[in-house]
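*Asks:* Below you'll find the structure I mean.
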Amino acid sequence: MDTSDEWIRSRTGIAERRIAEARDTTASLAITAARQALQRADADPRQVDLVIVATATPDYPLASTACLVQDAIGAADAGAFDLGAGCSGFVYALVMGHRSIASGESDLVLVIGADTLSRMVDWDDRSTCVLFGDGAGAVLLRATEGSAGIRSTLLGSDGSGSRMLYVPAGGSARPACAETVLQKEHALRMDGRQVYRFATQTMADACERVAERAGVPVKDVHHFVPHQANQRIITQAAKRLQVDESRFFCNLERFGNTSAASVPIALCEAAEGGRFRPGEQVILVGFGAGLTWAAALLEWGDAELGRRVSWWHSLGRKALYGWAHVRSRSRRTWRGAIQRLWRLLLPLTGLDD
Ligand code: COA
């Protein structure tokens, strides 16, 4: 392809990306991330009330990826749904999870951002295929006493920009057919310059507004975890906000744009690296297809990352995942058997199918 490492690095800041293996899917990455989050929090998957997967690349157009995750982790009492808000998806999902807890509807919500955009780019289109990577990240939300947690949120959209970043075919407007495949209409199309302009403006605005809602001057926000699309977009946003760029956590150099997974992957890396201290203010901010944007201001709590989880609990969780697998298979087998039996007996009953 007519591109170069130098062009990609200087225009985007991306040096490496991760591409899912052939056997992996959005769900398999999401399941891995979900299990890691449950392990870190030492939580019982059976207590999860809601599973939300933010994704633009679900395993299937129908059924949801969230249901595949729910089944694989054995969250037997959980509701599950996918959320489509492009690269803003994770922050949107976080806000939904937060509101579900605040309303008293849920106690424990698993929020996942997962995407395999490598399956949806045109690998002959140099203006898009050099940008995206695959990944998943997850967080577990639960109600707490005290000030730590999500303090303010902001969701935004502007559908007039939907054609700036979209996949033309495969939906009800243009169902899949031989022609759509030949014309590569199932691949992502993007007007890079327009998206760039939208992103630089939106990211700074969203940070300012979410800080204002929490009553925190933006200059007092300790950390920003932005959607990892382009280093230049992040630099511009920092300039507009008049905030030192070092307060923006960036890892896009190693992952590229992982769409809905970018904010949770960055959040987890930053937290794991000991970047946040209890009481500090952190803004998560995303923007993407739709057009959409979203932000949440958190006060970092005593997350106790790195806390030792007893081997007994870890083993218990592994056993639960094994049991979830057996449960899922036996349900499918049982349903198949009932169906076959019914087909056998139906002619004898004289009833219609
Ligand atoms: N390698 C080499 N040249 C490339 C290239 C590549 N991979 N991709 C595009 N070019 C060329 C273009 O064809 C253009 O050539 P031309 O002037 O002869 O037409 C030239 O580089 C400059 O293109 P331009 O679009 O102005 O580059 P840019 O500096 O704006 O950078 C993006 C392009 C895509 C990196 C940038 O617009 C961007 O990051 N946009 C936002 C994308 C984004 O974040 N999307 C996800 C949102 S969630």
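FYI, nothing fancy with the structure tokens labels: chains A, B, ... in order, residues from 1 per chain, ligands from 1 as they appear.
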Neighbouring residues of ligand 1 are defined here as those with any atom at most 9 Å from a ligand atom, counting only C-alpha atoms and all ligand atoms; list them as number ranges by chain.

*Replies:* A: 1-8, 10-12, 86-88, 125-132, 165, 190-199, 227-233, 257-260, 286-289

*Asks:* Using the chain letters and numbers from this document, which residues of range 69-268 of chain A does DSSP assign to strand (DSSP E), as a PDB file with N, CA and C atoms, in the first residue's frame?

*Replies:*
ATOM      1  N   GLY A  79     -29.659  -8.706  32.939  1.00  0.00           N
ATOM      2  CA  GLY A  79     -30.117  -8.225  31.645  1.00  0.00           C
ATOM      3  C   GLY A  79     -28.887  -7.939  30.808  1.00  0.00           C
ATOM      4  N   ALA A  80     -29.055  -7.958  29.484  1.00  0.00           N
ATOM      5  CA  ALA A  80     -27.871  -7.736  28.641  1.00  0.00           C
ATOM      6  C   ALA A  80     -28.280  -7.056  27.346  1.00  0.00           C
ATOM      7  N   PHE A  81     -27.532  -6.045  26.973  1.00  0.00           N
ATOM      8  CA  PHE A  81     -27.783  -5.411  25.671  1.00  0.00           C
ATOM      9  C   PHE A  81     -26.524  -4.758  25.118  1.00  0.00           C
ATOM     10  N   ASP A  82     -26.526  -4.614  23.777  1.00  0.00           N
ATOM     11  CA  ASP A  82     -25.431  -3.896  23.119  1.00  0.00           C
ATOM     12  C   ASP A  82     -25.812  -2.428  22.989  1.00  0.00           C
ATOM     13  N   LEU A  83     -24.803  -1.613  22.951  1.00  0.00           N
ATOM     14  CA  LEU A  83     -25.039  -0.184  22.798  1.00  0.00           C
ATOM     15  C   LEU A  83     -24.181   0.302  21.625  1.00  0.00           C
ATOM     16  N   LEU A 108     -25.002  -4.096  40.519  1.00  0.00           N
ATOM     17  CA  LEU A 108     -23.703  -4.416  39.936  1.00  0.00           C
ATOM     18  C   LEU A 108     -23.853  -4.442  38.406  1.00  0.00           C
ATOM     19  N   VAL A 109     -23.113  -3.571  37.742  1.00  0.00           N
ATOM     20  CA  VAL A 109     -23.244  -3.464  36.279  1.00  0.00           C
ATOM     21  C   VAL A 109     -21.875  -3.651  35.631  1.00  0.00           C
ATOM     22  N   LEU A 110     -21.850  -4.543  34.648  1.00  0.00           N
ATOM     23  CA  LEU A 110     -20.615  -4.789  33.904  1.00  0.00           C
ATOM     24  C   LEU A 110     -20.682  -3.985  32.609  1.00  0.00           C
ATOM     25  N   VAL A 111     -19.745  -3.071  32.446  1.00  0.00           N
ATOM     26  CA  VAL A 111     -19.730  -2.215  31.252  1.00  0.00           C
ATOM     27  C   VAL A 111     -18.484  -2.539  30.442  1.00  0.00           C
ATOM     28  N   ILE A 112     -18.707  -2.909  29.189  1.00  0.00           N
ATOM     29  CA  ILE A 112     -17.586  -3.354  28.341  1.00  0.00           C
ATOM     30  C   ILE A 112     -17.555  -2.523  27.064  1.00  0.00           C
ATOM     31  N   GLY A 113     -16.362  -2.168  26.641  1.00  0.00           N
ATOM     32  CA  GLY A 113     -16.183  -1.580  25.306  1.00  0.00           C
ATOM     33  C   GLY A 113     -15.348  -2.568  24.512  1.00  0.00           C
ATOM     34  N   ALA A 114     -15.866  -3.041  23.382  1.00  0.00           N
ATOM     35  CA  ALA A 114     -15.128  -4.061  22.615  1.00  0.00           C
ATOM     36  C   ALA A 114     -15.367  -3.855  21.126  1.00  0.00           C
ATOM     37  N   ASP A 115     -14.312  -3.937  20.355  1.00  0.00           N
ATOM     38  CA  ASP A 115     -14.459  -3.795  18.904  1.00  0.00           C
ATOM     39  C   ASP A 115     -13.369  -4.548  18.160  1.00  0.00           C
ATOM     40  N   THR A 116     -13.744  -5.039  16.991  1.00  0.00           N
ATOM     41  CA  THR A 116     -12.770  -5.655  16.073  1.00  0.00           C
ATOM     42  C   THR A 116     -12.928  -4.953  14.724  1.00  0.00           C
ATOM     43  N   ASP A 134      -7.833  -3.679  17.236  1.00  0.00           N
ATOM     44  CA  ASP A 134      -8.875  -4.449  17.935  1.00  0.00           C
ATOM     45  C   ASP A 134      -8.587  -4.492  19.433  1.00  0.00           C
ATOM     46  N   GLY A 135      -9.638  -4.632  20.227  1.00  0.00           N
ATOM     47  CA  GLY A 135      -9.411  -4.750  21.675  1.00  0.00           C
ATOM     48  C   GLY A 135     -10.710  -4.733  22.454  1.00  0.00           C
ATOM     49  N   ALA A 136     -10.564  -4.864  23.759  1.00  0.00           N
ATOM     50  CA  ALA A 136     -11.720  -4.804  24.660  1.00  0.00           C
ATOM     51  C   ALA A 136     -11.243  -4.353  26.036  1.00  0.00           C
ATOM     52  N   GLY A 137     -12.105  -3.652  26.736  1.00  0.00           N
ATOM     53  CA  GLY A 137     -11.823  -3.245  28.116  1.00  0.00           C
ATOM     54  C   GLY A 137     -13.128  -3.288  28.886  1.00  0.00           C
ATOM     55  N   ALA A 138     -13.037  -3.510  30.187  1.00  0.00           N
ATOM     56  CA  ALA A 138     -14.271  -3.644  30.967  1.00  0.00           C
ATOM     57  C   ALA A 138     -14.119  -3.008  32.336  1.00  0.00           C
ATOM     58  N   VAL A 139     -15.222  -2.515  32.841  1.00  0.00           N
ATOM     59  CA  VAL A 139     -15.253  -2.052  34.231  1.00  0.00           C
ATOM     60  C   VAL A 139     -16.499  -2.606  34.908  1.00  0.00           C
ATOM     61  N   LEU A 140     -16.412  -2.711  36.210  1.00  0.00           N
ATOM     62  CA  LEU A 140     -17.553  -3.174  36.994  1.00  0.00           C
ATOM     63  C   LEU A 140     -17.998  -1.999  37.853  1.00  0.00           C
ATOM     64  N   LEU A 141     -19.267  -1.635  37.727  1.00  0.00           N
ATOM     65  CA  LEU A 141     -19.795  -0.512  38.508  1.00  0.00           C
ATOM     66  C   LEU A 141     -20.616  -1.041  39.666  1.00  0.00           C
ATOM     67  N   ARG A 142     -20.421  -0.442  40.830  1.00  0.00           N
ATOM     68  CA  ARG A 142     -21.308  -0.759  41.944  1.00  0.00           C
ATOM     69  C   ARG A 142     -21.524   0.499  42.780  1.00  0.00           C
ATOM     70  N   GLY A 149     -16.469   8.226  42.731  1.00  0.00           N
ATOM     71  CA  GLY A 149     -17.321   7.651  41.695  1.00  0.00           C
ATOM     72  C   GLY A 149     -17.674   8.691  40.643  1.00  0.00           C
ATOM     73  N   ILE A 150     -18.738   8.408  39.907  1.00  0.00           N
ATOM     74  CA  ILE A 150     -19.115   9.278  38.790  1.00  0.00           C
ATOM     75  C   ILE A 150     -19.854  10.495  39.331  1.00  0.00           C
ATOM     76  N   ARG A 151     -19.321  11.686  39.052  1.00  0.00           N
ATOM     77  CA  ARG A 151     -19.914  12.906  39.616  1.00  0.00           C
ATOM     78  C   ARG A 151     -20.767  13.667  38.612  1.00  0.00           C
ATOM     79  N   SER A 152     -20.408  13.608  37.344  1.00  0.00           N
ATOM     80  CA  SER A 152     -21.260  14.257  36.341  1.00  0.00           C
ATOM     81  C   SER A 152     -21.060  13.567  35.007  1.00  0.00           C
ATOM     82  N   THR A 153     -22.074  13.683  34.148  1.00  0.00           N
ATOM     83  CA  THR A 153     -22.004  13.004  32.852  1.00  0.00           C
ATOM     84  C   THR A 153     -22.543  13.928  31.765  1.00  0.00           C
ATOM     85  N   LEU A 154     -22.199  13.592  30.547  1.00  0.00           N
ATOM     86  CA  LEU A 154     -22.667  14.388  29.407  1.00  0.00           C
ATOM     87  C   LEU A 154     -22.770  13.471  28.185  1.00  0.00           C
ATOM     88  N   LEU A 155     -23.917  13.503  27.521  1.00  0.00           N
ATOM     89  CA  LEU A 155     -24.081  12.746  26.271  1.00  0.00           C
ATOM     90  C   LEU A 155     -24.475  13.720  25.178  1.00  0.00           C
ATOM     91  N   GLY A 156     -23.955  13.516  23.970  1.00  0.00           N
ATOM     92  CA  GLY A 156     -24.325  14.401  22.875  1.00  0.00           C
ATOM     93  C   GLY A 156     -24.372  13.656  21.555  1.00  0.00           C
ATOM     94  N   SER A 157     -25.120  14.239  20.600  1.00  0.00           N
ATOM     95  CA  SER A 157     -25.188  13.621  19.271  1.00  0.00           C
ATOM     96  C   SER A 157     -25.543  14.658  18.223  1.00  0.00           C
ATOM     97  N   LEU A 165     -18.714   9.261   8.954  1.00  0.00           N
ATOM     98  CA  LEU A 165     -18.049   8.048   9.426  1.00  0.00           C
ATOM     99  C   LEU A 165     -19.135   6.982   9.528  1.00  0.00           C
ATOM    100  N   TYR A 166     -19.185   6.101   8.522  1.00  0.00           N
ATOM    101  CA  TYR A 166     -20.264   5.110   8.545  1.00  0.00           C
ATOM    102  C   TYR A 166     -19.934   3.919   7.658  1.00  0.00           C
ATOM    103  N   ARG A 189     -16.411   3.883   5.914  1.00  0.00           N
ATOM    104  CA  ARG A 189     -16.051   5.053   5.088  1.00  0.00           C
ATOM    105  C   ARG A 189     -15.911   6.267   6.002  1.00  0.00           C
ATOM    106  N   MET A 190     -14.931   7.064   5.712  1.00  0.00           N
ATOM    107  CA  MET A 190     -14.694   8.193   6.625  1.00  0.00           C
ATOM    108  C   MET A 190     -14.190   9.414   5.868  1.00  0.00           C
ATOM    109  N   HIS A 223      -6.705  14.448  35.663  1.00  0.00           N
ATOM    110  CA  HIS A 223      -6.383  13.543  34.551  1.00  0.00           C
ATOM    111  C   HIS A 223      -7.512  13.510  33.523  1.00  0.00           C
ATOM    112  N   PHE A 224      -7.109  13.326  32.287  1.00  0.00           N
ATOM    113  CA  PHE A 224      -8.073  13.145  31.199  1.00  0.00           C
ATOM    114  C   PHE A 224      -7.759  11.806  30.534  1.00  0.00           C
ATOM    115  N   VAL A 225      -8.800  11.013  30.325  1.00  0.00           N
ATOM    116  CA  VAL A 225      -8.613   9.763  29.580  1.00  0.00           C
ATOM    117  C   VAL A 225      -9.460   9.891  28.317  1.00  0.00           C
ATOM    118  N   PRO A 226      -8.830  10.346  27.220  1.00  0.00           N
ATOM    119  CA  PRO A 226      -9.601  10.605  26.009  1.00  0.00           C
ATOM    120  C   PRO A 226      -9.685   9.378  25.098  1.00  0.00           C
TER     121      PRO A 226
END

*Asks:* List every residue of range 64-219 of chain A that DSSP, applied to the backbone of this structure, assigns to helix (DSSP H, G or I), and report them as a PyMOL selection string.

*Replies:* chain A and resi 65-73+86-102+117-119+126-129+159-164+178-182+192-214+218-219

*Asks:* Find the residues near Ala27 in chain A: any atom within 9 Å, counting only C-alpha atoms, skip ones fewer than 5 places away on the same chain, and give them as a ChimeraX atom specification.

*Replies:* /A:32,58-59,65-66,68-69,114-115

*Asks:* Please list as a PDB file with C-alpha atoms, in the first residue's frame every residue within 10 Å of Glu299 in chain A, counting only C-alpha atoms and excluding residues in the same chain fewer than 5 positions away.

*Replies:*
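Contents of the output file around.pdb:
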ATOM      1  CA  SER A 147     -17.994  11.107  47.143  1.00  0.00           C
ATOM      2  CA  ALA A 148     -15.878   8.771  44.996  1.00  0.00           C
ATOM      3  CA  GLY A 149     -17.321   7.651  41.695  1.00  0.00           C
ATOM      4  CA  ILE A 150     -19.115   9.278  38.790  1.00  0.00           C
ATOM      5  CA  ARG A 151     -19.914  12.906  39.616  1.00  0.00           C
ATOM      6  CA  SER A 152     -21.260  14.257  36.341  1.00  0.00           C
ATOM      7  CA  VAL A 221      -9.114  18.208  36.746  1.00  0.00           C
ATOM      8  CA  HIS A 222      -6.088  16.021  37.405  1.00  0.00           C
ATOM      9  CA  PHE A 276      -4.563   8.092  39.807  1.00  0.00           C
ATOM     10  CA  ARG A 277      -4.639   8.845  43.525  1.00  0.00           C
ATOM     11  CA  PRO A 278      -7.752   8.739  45.717  1.00  0.00           C
ATOM     12  CA  GLY A 279      -9.652  12.032  45.594  1.00  0.00           C
ATOM     13  CA  GLU A 280      -8.335  13.032  42.142  1.00  0.00           C
ATOM     14  CA  GLN A 281     -10.696  14.160  39.400  1.00  0.00           C
ATOM     15  CA  VAL A 282     -10.624  12.183  36.151  1.00  0.00           C
ATOM     16  CA  ILE A 283     -12.512  12.984  32.941  1.00  0.00           C
TER      17      ILE A 283
END
